[in-house]
Structures are given as C-alpha cells and as structure tokens.
Amino acid sequence: MKVVILAGGLGTRLSEETARLPKPMVEIGGQPILWHIMKIFGHYGLTDFVICLGYKGFVIKEYFSDFLLHRSDVTFDLEAGTQCYLQSRSEPWRVTLVDTGFDTMTGGRVRAVRDIIGDETFCMTYGDGLSDVDIGALQQHHRDNGKLATVTAIRQPGRFGALRLDGASVDEMREKPVGEDNWINGGFFVLEPAVLDRVAGPGTIWEKEPLESLAHDGELSAYRHEGFWQPMDTLREKTMLENAWSTGQAPWKVWK
C-alpha cells in the first residue's frame, strides 16, 4: 500500500522556519518532521511513499538525493568517477517525489499523483502532523467498513482552561479539557482510488467538496483515535514537539 504525503503548502503560521524551508523539512530532534511521519508508517510495514511537492520542493528533493550518502560508509574512486556504498544505515524506503504545483490545493495535489497511485487502496496524510495512531488498526477498520474513505477522528483539544461555576464560586477547574463530542479530522486517511473522481481539479480543497460529498453519500468512515496527536502549525507547537523528543517523551516514536 502506497502512502501519499502532502508536502507542498506554505506553512505561513510557522514563518520563522518556513521562510527558508518547506514545512515538512522543519526539524524535530535533528530530523525533518517528514522523516518522523515516514518512520511511523514504516513501523507498520508501509515503505512506498509518494510525496506531493510544492513550495520549495527542491529542498525535499535534495534531502532524499543525499539520504543514502549521509547514512552510509562509502568509497569514492575519483579516477574512475565512481562511488561504492560499503555499509548503509538507511531506511528501506521507496520514495517518489512529484512536483504538484506551487498554488495547487490539497485535493489537487492528491489527484496529480493519480497515475502513480494506480488502482490500489492507499494511505494519505499531511506533512506536518505526528501521532501514535495504530496504522494497522486504521487499515483494518477501513477494510471492515467497506467505504471509499476512512478518516482518523481526533477529539478536539480545548484551547483554554474550563471553569464550572456554582453561582459566584468556581466548582471545578479543568485545564484545557477535551471536547467530548467534538471530533476533528486527524489527517491520517485510508482511501480508495475512486475518491479522486470527486476532485475537480488543482484548485479543489480535499477537506471541502471531496470529503463533504463522501460524508453526504455515506462513504466516509471514522476511525476514532484517543491517543496522541499533534500538528506543527506554530513555533510554540514546534518547540513542544522538540522538547518531547529531547526528553525521551515522544509518544509518536512507535519504532525501535
């Protein structure tokens, strides 16, 4: 099963980093967040990646161009103009990088790689979110429900602490409670290729017409994830993820 990763957005809310890098290349613990996402999928045996490029896509191309070199012992024969890898510590990934356009929207990016996806079920996610979601269970949920699309549903985290009042007194204080019935798109999908028929063109936003029409037609299933989930939209969130990694408290590190 292929994994499509959307990695072409501008990341304007993280402009401190994205002025020079595409958002998926912003580092957590010395590795791009894109690497972390791929490691999550790799843990579940999914190693065939299709990455949809856009803004500063050449940076991602250069990263993978040197990926094996940076993780291997190598002999350069300068006279013959050859190089030989002696021992590699690289991941067993197959990575296809596709320039899907600078201004293309999320739905248009996935449609742009339709020929590469082929006729098989595929996973799709964004290049800026981390989770300990069980990808194997997500795939099984998709198979069991037999719908065209499955979205990982995450409980909406509260932005502010909540007060329960009894008259003029505070009866209970809860720090940023999770909404009990407020589920949001967690960004980890399992999809049938037929969903791409619902993408009109490059300007289509995946989260609008395609997902809305799938829900309307009863073809969108929700896999509920109660564990860790965190996007990296701001410098504050990037710092939080960095601290979790550096202290050995990174819930998304499901691999050994």
# chains A, B, ... in the order shown; residues from 1 in each chain; ligands from 1
call {"tool": "residues_around", "arguments": {"residues": "Ser15 in chain A", "least_positions_apart": "2", "cutoff": "12 Å", "atoms": "only C-alpha atoms", "output": "list in words"}}
result
Gly9, Leu10, Gly11, Thr12, Arg13, Glu17, Thr18, Ala19, Arg20, Leu21, Pro22, Lys23, Val26, Met232, Asp233, Thr234, Leu235 and Lys238 of chain A
call {"tool": "residues_around", "arguments": {"residues": "range 95-108 of chain A", "least_positions_apart": "6", "cutoff": "8 Å", "atoms": "only C-alpha atoms", "output": "list in words"}}
result
Leu6, Gly8, Gly9, Asp48, Phe49, Val50, Ile51, Cys52, Leu53, Gly54, Tyr55, Gly57, Lys61, Val199, Ala200, Gly201, Pro202, Gly203, Thr204, Ile205, Trp206, Glu207 and Pro210 of chain A
call {"tool": "select_by_dssp", "arguments": {"residues": "range 60-114 of chain A", "states": "helix (DSSP H, G or I)", "output": "PyMOL selection string"}}
result
chain A and resi 60-65+67-70+106-112+114
call {"tool": "closest_residue", "arguments": {"among": "A:Ile117, A:Ile60, A:Leu14, A:Ile40", "to": "Leu130 in chain A", "atoms": "only C-alpha atoms"}}
result
A:Ile40
call {"tool": "closest_residue", "arguments": {"among": "A:Val190, A:Ala244, A:Leu220, A:Ile135", "to": "Lys147 in chain A", "atoms": "only C-alpha atoms"}}
result
A:Leu220
call {"tool": "closest_residue", "arguments": {"among": "A:Ala80, A:Trp35, A:Thr47, A:Phe189", "to": "Thr121 in chain A", "atoms": "only C-alpha atoms"}}
result
A:Phe189
call {"tool": "atom_distance", "arguments": {"atom1": "CA of Ala222 in chain A", "atom2": "CA of Ala7 in chain A"}}
result
23.5 Å
call {"tool": "select_by_dssp", "arguments": {"residues": "range 64-218 of chain A", "states": "strand (DSSP E or B)", "output": "PyMOL selection string"}}
result
chain A and resi 72-77+82-88+94-99+122-126+129-131+149-157+162-166+169-174+178-191
